[in-house]
Structures are given as structure tokens and as C-alpha cells.
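A.B. asks: Just my_file.cif, nothing more (mmCIF, C-alpha atoms):
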data_input
loop_
_atom_site.label_atom_id
_atom_site.label_comp_id
_atom_site.auth_asym_id
_atom_site.auth_seq_id
_atom_site.Cartn_x
_atom_site.Cartn_y
_atom_site.Cartn_z
CA MET E 260 119.24 87.20 91.22
CA GLN E 261 119.48 87.62 94.92
CA ARG E 262 122.24 87.39 97.38
CA ALA E 263 122.24 85.95 100.79
CA THR E 264 122.55 88.20 103.68
CA SER E 265 123.11 86.30 106.82
CA SER E 266 122.41 87.81 110.13
CA PHE E 267 121.32 84.40 111.25
CA GLY E 268 123.62 83.95 114.20
CA GLN E 269 121.91 83.07 117.41
CA LYS E 270 124.23 85.28 119.42
CA THR E 271 121.83 88.17 119.05
CA ARG E 272 119.48 86.41 121.43
CA ASN E 273 119.63 88.94 124.25
CA VAL E 274 120.59 92.02 122.30
CA LYS E 275 118.06 94.80 122.11
CA THR E 276 117.90 96.39 118.68
CA PRO E 277 115.64 99.43 118.79
CA ARG E 278 116.96 100.60 115.43
CA GLY E 279 115.95 97.29 114.00
CA VAL E 280 112.39 97.99 115.07
CA GLY E 281 112.59 101.35 113.32
CA SER E 282 113.88 99.68 110.17
CA LEU E 283 111.09 97.14 110.39
CA ARG E 284 108.50 99.89 110.63
CA LEU E 285 110.07 101.56 107.60
CA GLY E 286 110.00 98.26 105.75
CA LEU E 287 106.34 97.70 106.58
CA LEU E 288 105.47 101.23 105.52
CA SER E 289 107.32 100.68 102.23
CA LEU E 290 105.37 97.48 101.70
CA LEU E 291 102.09 99.23 102.39
CA ALA E 292 103.05 102.01 99.98
CA LEU E 293 103.93 99.42 97.36
CA SER E 294 100.60 97.64 97.96
CA GLY E 295 98.76 100.93 97.73
CA SER E 296 100.33 101.88 94.43
CA VAL E 297 99.62 98.43 93.00
CA LEU E 298 96.03 98.37 94.17
CA SER E 299 95.35 101.90 92.99
CA GLY E 300 96.85 100.99 89.62
CA CYS E 301 94.57 97.98 89.40
CA ALA E 302 91.55 100.01 90.37
CA ALA E 303 91.55 101.92 87.06
CA ASP E 304 88.12 101.39 85.53
CA GLY E 305 89.11 101.80 81.89
CA THR E 306 86.43 104.38 81.12
CA GLY E 307 88.78 106.39 78.90
CA ALA E 308 89.79 103.30 76.96
CA ALA E 309 86.16 102.25 76.49
CA GLU E 310 85.22 105.74 75.27
CA ALA E 311 88.05 105.69 72.73
CA ALA E 312 87.01 102.24 71.51
CA GLU E 313 83.38 103.33 71.20
CA ALA E 314 84.38 106.52 69.38
CA PHE E 315 86.41 104.44 66.93
CA GLN E 316 83.45 102.11 66.31
CA ARG E 317 81.16 105.12 65.77
CA ASP E 318 83.57 106.74 63.32
CA VAL E 319 83.96 103.53 61.33
CA ALA E 320 80.20 102.92 61.30
CA GLY E 321 79.67 106.52 60.18
CA SER E 322 82.41 106.18 57.55
CA ASP E 323 84.40 109.02 59.11
CA MET E 324 87.68 107.26 58.44
CA THR E 325 89.83 110.33 59.05
CA ALA E 326 88.51 110.53 62.60
CA ALA E 327 88.85 106.77 63.01
CA CYS E 328 92.45 106.85 61.81
CA SER E 329 93.25 109.62 64.27
CA LEU E 330 92.30 107.22 67.07
CA LEU E 331 94.81 104.62 65.95
CA GLN E 332 98.14 104.42 67.71
CA SER E 333 100.82 106.03 65.51
CA LYS E 334 102.63 102.79 64.65
CA THR E 335 99.30 101.06 63.95
CA ARG E 336 98.25 103.96 61.72
CA GLU E 337 101.49 103.81 59.77
CA GLU E 338 101.25 100.06 59.28
CA THR E 339 97.60 100.34 58.27
CA ALA E 340 98.53 102.91 55.63
CA ARG E 341 101.44 100.77 54.44
CA THR E 342 99.18 97.78 53.79
CA SER E 343 96.77 99.87 51.74
CA ASP E 344 97.04 99.91 47.91
CA ALA E 345 96.33 103.63 48.02
CA GLY E 346 98.87 104.13 50.77
CA THR E 347 96.49 105.78 53.21
CA CYS E 348 95.06 104.69 56.52
CA GLU E 349 91.60 105.86 55.50
CA SER E 350 91.45 103.71 52.37
CA GLN E 351 92.58 100.65 54.28
CA LEU E 352 89.92 101.18 56.95
CA GLU E 353 87.27 101.40 54.21
CA LYS E 354 88.51 98.12 52.80
CA ALA E 355 88.72 96.36 56.17
CA LYS E 356 85.84 94.06 57.08
CA MET E 357 85.03 95.73 60.36
CA PRO E 358 82.16 94.06 62.19
CA ASP E 359 79.18 95.89 63.60
CA ALA E 360 80.56 95.92 67.15
CA GLY E 361 77.24 95.98 69.00
CA ARG E 362 76.94 96.70 72.71
CA LEU E 363 79.94 97.32 74.95
CA LEU E 364 80.34 94.28 77.20
CA SER E 365 83.45 94.84 79.32
CA THR E 366 86.65 96.82 79.70
CA GLU E 367 89.81 95.66 81.38
CA GLN E 368 92.62 98.16 81.94
CA PHE E 369 96.06 97.21 83.20
CA GLY E 370 98.41 100.15 83.55
CA ARG E 371 98.75 101.67 80.08
CA ASP E 372 97.05 98.86 78.19
CA ALA E 373 93.38 98.02 77.80
CA PHE E 374 91.19 95.28 76.38
CA VAL E 375 87.64 96.22 75.39
CA GLU E 376 85.02 93.65 74.42
CA PHE E 377 81.89 94.42 72.43
CA GLU E 378 79.18 91.96 71.46
CA HIS E 379 80.81 91.31 68.08
CA ASP E 380 84.27 92.84 68.35
CA THR E 381 87.32 93.08 70.56
CA VAL E 382 89.56 96.15 70.65
CA PHE E 383 93.10 96.47 72.04
CA LEU E 384 94.34 99.87 73.21
CA ALA E 385 97.44 101.56 74.61
CA ALA E 386 97.68 104.85 76.49
CA SER E 387 99.55 107.71 74.87
CA ASN E 388 100.15 111.29 75.92
CA ALA E 389 97.24 112.28 73.70
CA GLY E 390 94.89 109.74 75.28
CA TRP E 391 93.88 106.16 74.55
CA ARG E 392 94.76 104.88 71.08
CA ILE E 393 93.71 101.69 69.30
CA THR E 394 96.41 99.11 68.55
CA GLY E 395 94.04 96.43 67.28
CA ALA E 396 90.37 96.45 66.23
CA GLY E 397 88.05 93.98 64.53
CA CYS E 398 89.87 91.28 66.48
CA THR E 399 88.70 87.69 66.84
CA PRO E 400 90.13 85.01 69.16
CA ASN E 401 92.16 82.04 67.92
CA GLY E 402 91.95 79.72 70.88
CA GLU E 403 93.05 80.21 74.44
CA GLU E 404 96.76 81.02 74.06
CA ALA E 405 97.10 82.34 70.52
CA PRO E 406 96.97 86.05 69.67
CA TYR E 407 93.76 87.47 68.25
CA THR E 408 93.53 88.10 64.52
CA CYS E 409 92.70 91.74 63.84
CA GLU E 410 91.24 93.49 60.79
CA VAL E 411 93.10 96.65 61.80
CA GLY E 412 96.43 96.62 63.63
CA GLY E 413 97.25 93.58 65.73
CA LYS E 414 100.20 91.28 65.09
CA MET W 29 125.78 111.58 117.18
CA LYS W 30 129.03 109.71 116.61
CA LYS W 31 128.03 107.20 119.25
CA ALA W 32 124.60 106.74 117.70
CA LEU W 33 126.21 106.04 114.32
CA ARG W 34 128.59 103.52 115.87
CA ASN W 35 125.86 101.81 117.88
CA ASN W 36 123.71 101.37 114.79
CA GLY W 37 126.36 100.85 112.16
CA LEU W 38 125.00 97.57 110.88
CA SER W 39 121.40 98.69 110.41
CA LEU W 40 122.48 102.04 108.95
CA PHE W 41 124.87 100.35 106.53
CA PHE W 42 122.26 97.92 105.24
CA GLY W 43 119.55 100.61 105.24
CA THR W 44 121.76 102.84 103.11
CA ILE W 45 122.83 100.22 100.59
CA PHE W 46 119.20 99.03 100.39
CA LEU W 47 118.04 102.52 99.41
CA LEU W 48 120.90 102.96 96.93
CA ALA W 49 120.20 99.58 95.34
CA LEU W 50 116.46 100.34 95.16
CA LEU W 51 117.24 103.68 93.54
CA GLY W 52 119.53 101.93 91.06
CA GLN W 53 116.83 99.36 90.32
CA ALA W 54 114.29 102.14 89.78
CA LEU W 55 116.52 104.08 87.37
CA THR W 56 117.71 101.09 85.37
CA GLY W 57 114.24 99.52 85.39
CA HIS W 58 112.78 102.78 84.05
CA ALA W 59 115.39 102.91 81.27
CA LEU W 60 114.77 99.26 80.35
CA PHE W 61 111.00 99.71 80.40
CA ASN W 62 111.23 102.68 78.04
CA GLU W 63 113.57 100.78 75.70
CA GLU W 64 110.90 98.09 75.42
CA GLN W 65 108.15 100.68 74.98
CA VAL W 66 109.99 102.29 72.05
CA ALA W 67 110.72 98.87 70.51
CA SER W 68 106.97 98.13 70.64
CA GLY W 69 106.07 101.50 69.12
CA LEU W 70 104.64 102.74 72.43
CA GLU W 71 105.34 106.00 74.20
CA GLU W 72 107.93 106.38 76.93
CA ILE W 73 106.75 106.98 80.50
CA SER W 74 108.08 109.22 83.25
CA LEU W 75 110.03 107.93 86.24
CA GLY W 76 107.03 108.70 88.47
CA GLN W 77 104.75 106.64 86.25
CA TYR W 78 107.26 103.80 86.30
CA LEU W 79 107.56 103.84 90.09
CA THR W 80 103.80 103.36 90.43
CA SER W 81 103.63 100.74 87.68
CA SER W 82 102.98 97.06 88.19
CA ASN W 83 106.23 96.35 86.33
CA PHE W 84 108.28 97.96 89.11
CA ALA W 85 106.07 96.60 91.89
CA VAL W 86 106.32 92.99 90.77
CA ASP W 87 110.09 93.18 90.36
CA VAL W 88 110.48 94.58 93.88
CA SER W 89 107.93 92.39 95.65
CA GLU W 90 109.04 89.08 94.13
CA ASN W 91 112.48 89.62 95.62
CA TRP W 92 111.15 90.84 98.96
CA GLN W 93 108.86 87.86 99.47
CA SER W 94 111.65 85.38 98.88
CA GLU W 95 114.02 87.17 101.24
CA TYR W 96 111.47 87.22 104.05
CA LEU W 97 110.54 83.60 103.39
CA GLN W 98 114.21 82.70 103.66
CA PHE W 99 114.54 84.28 107.09
CA LEU W 100 111.14 83.00 108.20
CA LEU W 101 112.12 79.42 107.39
CA TYR W 102 115.50 79.87 108.98
CA ILE W 103 113.99 81.27 112.17
CA PHE W 104 111.59 78.34 112.52
CA ALA W 105 113.80 75.55 111.15
CA THR W 106 116.58 76.37 113.59
CA ILE W 107 114.23 75.90 116.54
CA TRP W 108 113.99 72.18 115.82
CA LEU W 109 116.70 71.24 113.35
CA VAL W 110 120.41 71.23 114.18
CA GLN W 111 123.54 70.97 112.05
CA LYS W 112 126.62 69.47 113.65
CA GLY W 113 129.56 71.84 113.34
CA SER W 114 127.54 74.87 112.20
CA PRO W 115 127.74 78.15 114.12
CA GLU W 116 124.18 78.77 112.87
CA SER W 117 122.87 75.77 114.79
CA LYS W 118 121.88 75.29 118.40
CA GLN W 119 123.43 72.55 120.49
CA PHE W 120 121.80 69.14 120.11
CA ASN W 121 120.23 69.26 123.58
CA GLU W 122 118.66 72.68 122.98
CA THR W 123 116.16 71.82 120.23
CA GLY W 124 112.60 73.04 120.65
CA PRO W 125 111.23 76.23 122.19
CA GLU W 126 113.42 75.76 125.31
CA SER W 127 112.50 76.30 128.94
CA ASP W 128 111.19 79.53 130.49
CA LYS W 129 114.46 79.71 132.41
CA ASP W 130 116.56 79.58 129.25
CA GLN W 131 114.28 82.09 127.57
CA LEU W 132 114.18 84.51 130.54
CA VAL W 133 110.39 84.74 130.63
CA GLY W 134 107.85 84.92 133.44
CA GLU W 135 109.40 84.31 136.81
CA TYR W 136 112.83 84.01 135.19
CA SER W 137 112.68 87.42 133.57
CA ASN W 138 114.91 90.17 134.88
CA ALA W 139 114.56 93.90 135.35
CA ARG W 140 115.75 94.57 131.79
CA SER W 141 113.43 92.03 130.16
CA PRO W 142 110.76 93.53 127.89
CA LYS W 143 107.40 93.92 129.64
CA TRP W 144 105.59 91.32 127.55
CA ALA W 145 108.27 88.74 128.44
CA ARG W 146 107.49 89.28 132.12
CA VAL W 147 103.73 88.94 131.91
CA SER W 148 101.87 85.69 131.20
CA GLY W 149 99.07 84.83 128.79
CA TRP W 150 98.55 85.88 125.18
CA ARG W 151 100.95 88.83 125.41
CA ARG W 152 103.88 86.60 126.29
CA THR W 153 102.89 84.06 123.63
CA LEU W 154 102.61 86.81 121.02
CA PHE W 155 105.89 88.43 122.00
CA SER W 156 107.61 85.03 122.14
CA ASN W 157 106.72 84.52 118.45
CA SER W 158 106.76 88.13 117.29
CA LEU W 159 109.84 87.84 115.09
CA GLY W 160 108.59 84.83 113.16
CA LEU W 161 105.06 86.22 112.91
CA THR W 162 106.28 89.57 111.59
CA MET W 163 108.61 87.98 109.04
CA GLY W 164 105.76 85.69 108.01
CA LEU W 165 103.35 88.60 107.68
CA ILE W 166 105.77 90.58 105.52
CA PHE W 167 106.39 87.47 103.41
CA LEU W 168 102.67 86.91 102.83
CA LEU W 169 102.00 90.58 102.07
CA SER W 170 104.94 90.75 99.66
CA TRP W 171 103.79 87.57 97.94
CA LEU W 172 100.26 88.96 97.69
CA VAL W 173 101.59 92.19 96.18
CA GLN W 174 103.69 90.10 93.77
CA SER W 175 100.59 88.19 92.67
CA ILE W 176 98.49 91.33 92.13
CA ALA W 177 101.22 93.36 90.45
CA GLY W 178 102.40 90.31 88.51
CA ASN W 179 98.86 89.71 87.25
CA SER W 180 98.60 93.31 86.06
CA ASN W 181 102.05 93.24 84.47
CA TYR W 182 101.35 89.90 82.78
CA ASN W 183 98.06 91.23 81.40
CA GLN W 184 99.80 94.28 79.97
CA GLU W 185 102.10 91.96 78.06
CA GLN W 186 99.13 89.84 77.01
CA ILE W 187 97.32 92.89 75.62
CA GLN W 188 100.46 94.16 73.87
CA ASN W 189 100.70 90.72 72.25
CA PHE W 190 96.98 90.82 71.33
CA GLN W 191 96.09 88.05 73.72
CA GLN W 192 93.31 87.82 76.28
CA PRO W 193 94.09 89.00 79.84
CA VAL W 194 93.72 86.48 82.67
CA SER W 195 92.06 86.79 86.08
CA TRP W 196 94.02 86.81 89.36
CA ALA W 197 92.75 83.28 90.12
CA GLU W 198 94.09 82.08 86.77
CA TYR W 199 97.34 83.97 87.23
CA ILE W 200 98.26 82.43 90.59
CA VAL W 201 98.20 78.95 89.07
CA SER W 202 100.04 80.05 85.93
CA PRO W 203 103.61 79.08 84.99
CA GLU W 204 104.47 82.80 84.96
CA PHE W 205 103.65 83.31 88.62
CA TRP W 206 105.32 80.13 89.83
CA ASN W 207 108.38 80.62 87.65
CA ARG W 208 108.89 84.11 89.10
CA THR W 209 108.35 82.71 92.59
CA LEU W 210 110.48 79.57 92.37
CA GLN W 211 113.43 81.18 90.64
CA ASN W 212 113.72 83.41 93.70
CA TRP W 213 113.09 80.67 96.24
CA GLN W 214 115.70 78.30 94.85
CA SER W 215 118.45 80.91 95.13
CA GLU W 216 117.47 81.77 98.70
CA PHE W 217 117.40 78.15 99.80
CA LEU W 218 120.76 77.51 98.15
CA ALA W 219 122.30 80.54 99.87
CA VAL W 220 121.01 79.56 103.32
CA GLY W 221 122.01 75.93 102.88
CA SER W 222 125.46 76.99 101.70
CA MET W 223 125.87 79.24 104.73
CA VAL W 224 124.96 76.39 107.08
CA VAL W 225 127.36 73.91 105.49
CA LEU W 226 130.27 76.17 104.53
CA SER W 227 130.42 77.68 108.02
CA ILE W 228 131.23 74.21 109.37
CA TYR W 229 134.54 74.08 107.52
CA LEU W 230 135.37 77.68 106.63
CA ARG W 231 136.04 80.67 108.87
CA GLN W 232 135.81 84.44 108.67
CA ARG W 233 137.95 85.91 111.36
CA GLY W 234 136.06 88.43 113.48
CA SER W 235 132.61 87.72 112.06
CA PRO W 236 129.88 86.53 114.44
CA GLU W 237 128.52 84.54 111.49
CA SER W 238 131.62 82.33 111.71
CA LYS W 239 133.14 80.15 114.36
CA PRO W 240 136.43 81.31 115.84
CA VAL W 241 139.21 80.48 113.39
CA GLY W 242 140.71 77.87 115.70
CA SER W 243 137.44 76.08 116.51
CA ALA W 244 137.14 72.44 115.59
CA HIS W 245 135.02 71.62 112.55
CA ASP W 246 132.59 69.68 114.73
CA ASP W 247 132.08 72.49 117.26
CA THR W 248 128.41 73.41 117.05
CA GLY W 249 126.80 76.73 117.89
CA THR W 250 129.98 78.56 118.74
CA THR W 251 130.52 82.01 117.31
CA GLY W 252 133.60 84.11 116.75
#
Now, as a test, write the supplied structure out as C-alpha cells.

C.D. replies:
Amino acid sequence: MQRATSSFGQKTRNVKTPRGVGSLRLGLLSLLALSGSVLSGCAADGTGAAEAAEAFQRDVAGSDMTAACSLLQSKTREETARTSDAGTCESQLEKAKMPDAGRLLSTEQFGRDAFVEFEHDTVFLAASNAGWRITGAGCTPNGEEAPYTCEVGGK
Amino acid sequence: MKKALRNNGLSLFFGTIFLLALLGQALTGHALFNEEQVASGLEEISLGQYLTSSNFAVDVSENWQSEYLQFLLYIFATIWLVQKGSPESKQFNETGPESDKDQLVGEYSNARSPKWARVSGWRRTLFSNSLGLTMGLIFLLSWLVQSIAGNSNYNQEQIQNFQQPVSWAEYIVSPEFWNRTLQNWQSEFLAVGSMVVLSIYLRQRGSPESKPVGSAHDDTGTTG
């Protein structure tokens, strides 16, 4: 993946390289900028994702399946509709055994993806231009490494 | 202007091709990222969003850390270790930090010596090790950035695969982190080792990285 540059020679021992110092400063600044962008990216608190997940849980609990379906990511919505006998997302959500999620426990956001845990449910989300959208809900773990099994969306 | 360009040709050349390569990496990385987004049914992102993403940061920093580690190890290893016949090596009787006279410090400094080479105490000690310390600092910072960005990037993939994200502490002992790290390290170590050995027997006329073409294979520390 990488190549070897080799300015290793010891003959530079007594050579002053002021430009090299400038390049080094530039390199350090680049590194700091890179660190800054990474750290700021990691600092996202996931509030938007948590609000979307809570709104979805409220809509399902209140049987407003049209609103709930609108919070699904487009591919998830299409697949949900496809698995329904009636061919609609709403009918499939009504049929799904969605748990009573309970209290919001934690939200973890990484870039454009988020993982929201409730007392009795786990929700996976992805950012879209329209806001946070659910890619998996009603999800339960299957051991440490395996993907969660989801009532809506998921694998 | 012309003189300044000539005097700094090497740093300007590498600075320019570095920026061009980074630009190329950014553009192709953005295109690849969006291909994968579309394949996963996710929305494409802008170039600006990609440049501030952990995906880009981990790809850049994992290469940076290994490059700086390579030079860091080379700087320190060549203080003590020698290689018979290599232009990269010191002579056998020069191993170690060498005398103040050889290093032109303190009373042996001259009018053109940097100020911190002339003074004694912590300033001379710091300046005497400033290259290694700076390379080491950049290596550690790059590796830290790799671990943080890599953790974020790994967790994005975990979530997209409907798996639980992992903490930073879990990530830095994960196969993912060490595989990214070691695949870079092995190539750097191979390249440096190859340079040391090949320069014993092979020549590049005019390059200070090579011995003079007519030098004997067992001539050590001579440069062309």
C-alpha cells in the first residue's frame, strides 16, 4: 500500500533545511486539522437520532403506522412493504411484534449511523438528507458478534 | 524566485506530489464511499462531508503513522546498529551518540551552529534529539487519530450490519485495528530493510542514497 521514500542518507548531517521546518509545521497543522475533524465527528451526541427513534416508537405505540413508515429509511420501507401480504409498509408494521420500548437508555452516533437502546428495544438508524431514518427496529441481540434480529428492517 | 525554487527543489517536489496524491485519494475515496452507500441503500454524501468523515481520516492516518514510525525507527536504529557495505550506515567505530566534537556542540560548536547546539543543559539535550522526538510525536498522534477514526469507522460498519458498536478500549485490542496497523508496518519495514541491503550491491549514479558507482560492495557509509 505504501512506498518507501528514502531520504535516510547521513550526508545531510550539517545541512540546514529551513524549508523542511516549514513543511514539518504544515504537516503538524494537517495532523491537528485531521485530529480536530475526527474528534468533532466523534463528539456528535446523537440527539437527532434518538428523537427519530422515540418518534417511531410513539407512532407505533399510537398505531399511527403511516407516520411510523415515513420514519423508515426508503430501502427499509420498501422491503417492509414487500414482506407484507397486503403489500404495504403500514400493514406489515401492524403485524410486526414490536415491543413496548420503554425508557431511552443510550444513543451512540458514529458519522451517519446511530445505535439507540431502549429498555426493551434497540433501534438502528442512518442519516439521510431528510433527517434520521430507521433501518432496523424491534431488534434483539444474538450473541456478541452476530447481527441483531429485527422485527422491522435489519438483515 | 528561481534560486528559491532550485534551493528547495526536493521539498517542493515532494510537497507537491503529496498534495496531488492526497487530492487523488480524497476524490477516489469519495467516489468509492458513495458507491458503497448506494449499494447499501444509503444516500450519497458530499465531498466536504467525506473529507470530515472517519472513513477518510482513518485511511489517511493509518498510512501517516506507519511512515513516521519507519523514519523514527530508522533514525534511532542507525545510531547504534551498522550494516557493512551500506551507504545508510555509519562506520563501525562511530556507533552511539558520538562525541561533542563530532557533533559540533558546546565548546566545539561554530559560529554557524544553531543557538541551542551552543548552549548546555536541557536546551541542547532537547535540540540534540529534536528530530527523533518530533517524528515520534507525529507517529503517536497519527496512530491516536487512526485509533479514534478507525473506531468510529468500524462502528459505522457495525451499525450498518446491525451489530453492536464497540468502545475505543475494545477497538484498540481488536483484529481490525491491528490488521490495519500491521499491514502498513510490514510494508514499511520491508522497504527500509530492502534499501539497506540493496544499496550494498546496487548503485544509482548521482543519488546521495547510493554509494558511488565504483565503490566496493563492502565500503560502508560512503555516498555518491

A.B. asks: List the residues matched by the PyMOL selection byres ((chain E and resi 385-391) around 9) in the displayed structure as a list in words, ordered by chain and then by residue number.

C.D. replies: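 So the PyMOL selection byres ((chain E and resi 385-391) around 9) ends up selecting Gly307, Ala308, Ala309, Glu310, Ala311, Ala312, Leu330, Leu331, Gln332, Gly370, Arg371, Asp372, Ala373, Phe383, Leu384, Arg392, Ile393 and Thr394 of chain E; Leu70, Glu71, Glu72, Ile187 and Gln188 of chain W.
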
A.B. asks: So what does the PyMOL selection byres ((chain W and resi 173) around 8) actually pick up in this one, as a ChimeraX atom specification?

C.D. replies: /E:293-294,297 /W:85-86,89,169-172,174-178

A.B. asks: Could you give me, as JSON lines, every chain W residue with an atom at most 8 Å from chain E, plus its closest atom pair and distance in Å to one decimal, counting only C-alpha atoms, rows ordered by chain then number?

C.D. replies:
{"residue": "W:Asn36", "atom": "CA", "partner": "E:Arg278", "partner_atom": "CA", "distance": 6.8}
{"residue": "W:Ser39", "atom": "CA", "partner": "E:Gly279", "partner_atom": "CA", "distance": 6.7}
{"residue": "W:Gly43", "atom": "CA", "partner": "E:Ser282", "partner_atom": "CA", "distance": 7.6}
{"residue": "W:Gly69", "atom": "CA", "partner": "E:Lys334", "partner_atom": "CA", "distance": 5.8}
{"residue": "W:Leu70", "atom": "CA", "partner": "E:Ser387", "partner_atom": "CA", "distance": 7.5}
{"residue": "W:Glu71", "atom": "CA", "partner": "E:Ser387", "partner_atom": "CA", "distance": 6.1}
{"residue": "W:Thr80", "atom": "CA", "partner": "E:Ser296", "partner_atom": "CA", "distance": 5.5}
{"residue": "W:Ser81", "atom": "CA", "partner": "E:Gly370", "partner_atom": "CA", "distance": 6.7}
{"residue": "W:Ser82", "atom": "CA", "partner": "E:Val297", "partner_atom": "CA", "distance": 6.0}
{"residue": "W:Ala85", "atom": "CA", "partner": "E:Leu293", "partner_atom": "CA", "distance": 6.5}
{"residue": "W:Asn91", "atom": "CA", "partner": "E:Gln261", "partner_atom": "CA", "distance": 7.3}
{"residue": "W:Phe99", "atom": "CA", "partner": "E:Phe267", "partner_atom": "CA", "distance": 8.0}
{"residue": "W:Tyr102", "atom": "CA", "partner": "E:Phe267", "partner_atom": "CA", "distance": 7.7}
{"residue": "W:Pro115", "atom": "CA", "partner": "E:Gly268", "partner_atom": "CA", "distance": 7.1}
{"residue": "W:Glu116", "atom": "CA", "partner": "E:Gly268", "partner_atom": "CA", "distance": 5.4}
{"residue": "W:Ser117", "atom": "CA", "partner": "E:Gln269", "partner_atom": "CA", "distance": 7.8}
{"residue": "W:Lys118", "atom": "CA", "partner": "E:Gln269", "partner_atom": "CA", "distance": 7.8}
{"residue": "W:Ile166", "atom": "CA", "partner": "E:Leu287", "partner_atom": "CA", "distance": 7.2}
{"residue": "W:Leu169", "atom": "CA", "partner": "E:Leu290", "partner_atom": "CA", "distance": 7.7}
{"residue": "W:Ser170", "atom": "CA", "partner": "E:Leu290", "partner_atom": "CA", "distance": 7.0}
{"residue": "W:Val173", "atom": "CA", "partner": "E:Ser294", "partner_atom": "CA", "distance": 5.8}
{"residue": "W:Ile176", "atom": "CA", "partner": "E:Val297", "partner_atom": "CA", "distance": 7.2}
{"residue": "W:Ala177", "atom": "CA", "partner": "E:Val297", "partner_atom": "CA", "distance": 5.9}
{"residue": "W:Ser180", "atom": "CA", "partner": "E:Phe369", "partner_atom": "CA", "distance": 5.5}
{"residue": "W:Asn181", "atom": "CA", "partner": "E:Phe369", "partner_atom": "CA", "distance": 7.3}
{"residue": "W:Asn183", "atom": "CA", "partner": "E:Phe369", "partner_atom": "CA", "distance": 6.6}
{"residue": "W:Gln184", "atom": "CA", "partner": "E:Asp372", "partner_atom": "CA", "distance": 5.6}
{"residue": "W:Ile187", "atom": "CA", "partner": "E:Asp372", "partner_atom": "CA", "distance": 6.5}
{"residue": "W:Gln188", "atom": "CA", "partner": "E:Asp372", "partner_atom": "CA", "distance": 7.2}
{"residue": "W:Asn189", "atom": "CA", "partner": "E:Pro406", "partner_atom": "CA", "distance": 6.5}
{"residue": "W:Phe190", "atom": "CA", "partner": "E:Pro406", "partner_atom": "CA", "distance": 5.1}
{"residue": "W:Gln191", "atom": "CA", "partner": "E:Pro406", "partner_atom": "CA", "distance": 4.6}
{"residue": "W:Gln192", "atom": "CA", "partner": "E:Phe374", "partner_atom": "CA", "distance": 7.8}
{"residue": "W:Pro193", "atom": "CA", "partner": "E:Phe374", "partner_atom": "CA", "distance": 7.7}
{"residue": "W:Asn212", "atom": "CA", "partner": "E:Met260", "partner_atom": "CA", "distance": 7.1}
{"residue": "W:Ser215", "atom": "CA", "partner": "E:Gln261", "partner_atom": "CA", "distance": 6.8}
{"residue": "W:Glu216", "atom": "CA", "partner": "E:Ala263", "partner_atom": "CA", "distance": 6.7}
{"residue": "W:Ala219", "atom": "CA", "partner": "E:Ala263", "partner_atom": "CA", "distance": 5.5}
{"residue": "W:Val220", "atom": "CA", "partner": "E:Ala263", "partner_atom": "CA", "distance": 7.0}
{"residue": "W:Met223", "atom": "CA", "partner": "E:Ser265", "partner_atom": "CA", "distance": 7.9}
{"residue": "W:Pro236", "atom": "CA", "partner": "E:Gly268", "partner_atom": "CA", "distance": 6.8}
{"residue": "W:Glu237", "atom": "CA", "partner": "E:Gly268", "partner_atom": "CA", "distance": 5.6}
{"residue": "W:Thr251", "atom": "CA", "partner": "E:Lys270", "partner_atom": "CA", "distance": 7.4}

A.B. asks: Output the residue selection produced by the PyMOL selection byres ((chain W and resi 163) around 10) on the file above, formatted as a PDB file with C-alpha atoms, in the coordinates of the input.

C.D. replies:
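Output file part-v5.pdb follows:
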ATOM      1  CA  LEU E 283     111.090  97.140 110.390  1.00  0.00           C
TER       2      LEU E 283
ATOM      3  CA  GLN W  93     108.860  87.860  99.470  1.00  0.00           C
ATOM      4  CA  GLU W  95     114.020  87.170 101.240  1.00  0.00           C
ATOM      5  CA  TYR W  96     111.470  87.220 104.050  1.00  0.00           C
ATOM      6  CA  LEU W  97     110.540  83.600 103.390  1.00  0.00           C
ATOM      7  CA  GLN W  98     114.210  82.700 103.660  1.00  0.00           C
ATOM      8  CA  PHE W  99     114.540  84.280 107.090  1.00  0.00           C
ATOM      9  CA  LEU W 100     111.140  83.000 108.200  1.00  0.00           C
ATOM     10  CA  LEU W 101     112.120  79.420 107.390  1.00  0.00           C
ATOM     11  CA  ILE W 103     113.990  81.270 112.170  1.00  0.00           C
ATOM     12  CA  SER W 158     106.760  88.130 117.290  1.00  0.00           C
ATOM     13  CA  LEU W 159     109.840  87.840 115.090  1.00  0.00           C
ATOM     14  CA  GLY W 160     108.590  84.830 113.160  1.00  0.00           C
ATOM     15  CA  LEU W 161     105.060  86.220 112.910  1.00  0.00           C
ATOM     16  CA  THR W 162     106.280  89.570 111.590  1.00  0.00           C
ATOM     17  CA  GLY W 164     105.760  85.690 108.010  1.00  0.00           C
ATOM     18  CA  LEU W 165     103.350  88.600 107.680  1.00  0.00           C
ATOM     19  CA  ILE W 166     105.770  90.580 105.520  1.00  0.00           C
ATOM     20  CA  PHE W 167     106.390  87.470 103.410  1.00  0.00           C
ATOM     21  CA  LEU W 168     102.670  86.910 102.830  1.00  0.00           C
ATOM     22  CA  LEU W 169     102.000  90.580 102.070  1.00  0.00           C
TER      23      LEU W 169
END

A.B. asks: Enter the distance from CA of Thr209 in chain W to CA of Thr56 in chain W, in Å, rounded to one decimal.

C.D. replies: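 A separation of 21.9 Å between them.
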
A.B. asks: If we count all atoms listed in the file and set the cut-off at 12 Å, which residues sit around Lys354 in chain E, ignoring sequence neighbours fewer than 2 positions away in its own chain? Please answer as a list in words.

C.D. replies: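 The residues that qualify are Val319, Ser322, Met324, Thr339, Ala340, Thr342, Ser343, Asp344, Ala345, Thr347, Cys348, Glu349, Ser350, Gln351, Leu352, Lys356, Met357, Glu410 and Val411 of chain E.
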
A.B. asks: Just checking: using only C-alpha atoms, which residue out of W:Asn138, W:Asn62, W:Gln214, W:Ser202 ends up closest to Gln77 in chain W?

C.D. replies: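 Among the listed residues, the smallest separation from Gln77 in chain W belongs to W:Asn62.
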
A.B. asks: Please, what distance in Å, to one decimal, runs between CA of Ser114 in chain W and CA of Glu126 in chain W?

C.D. replies: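 Taking CA of Ser114 in chain W as the start and CA of Glu126 in chain W as the end point, the length is 19.3 Å.
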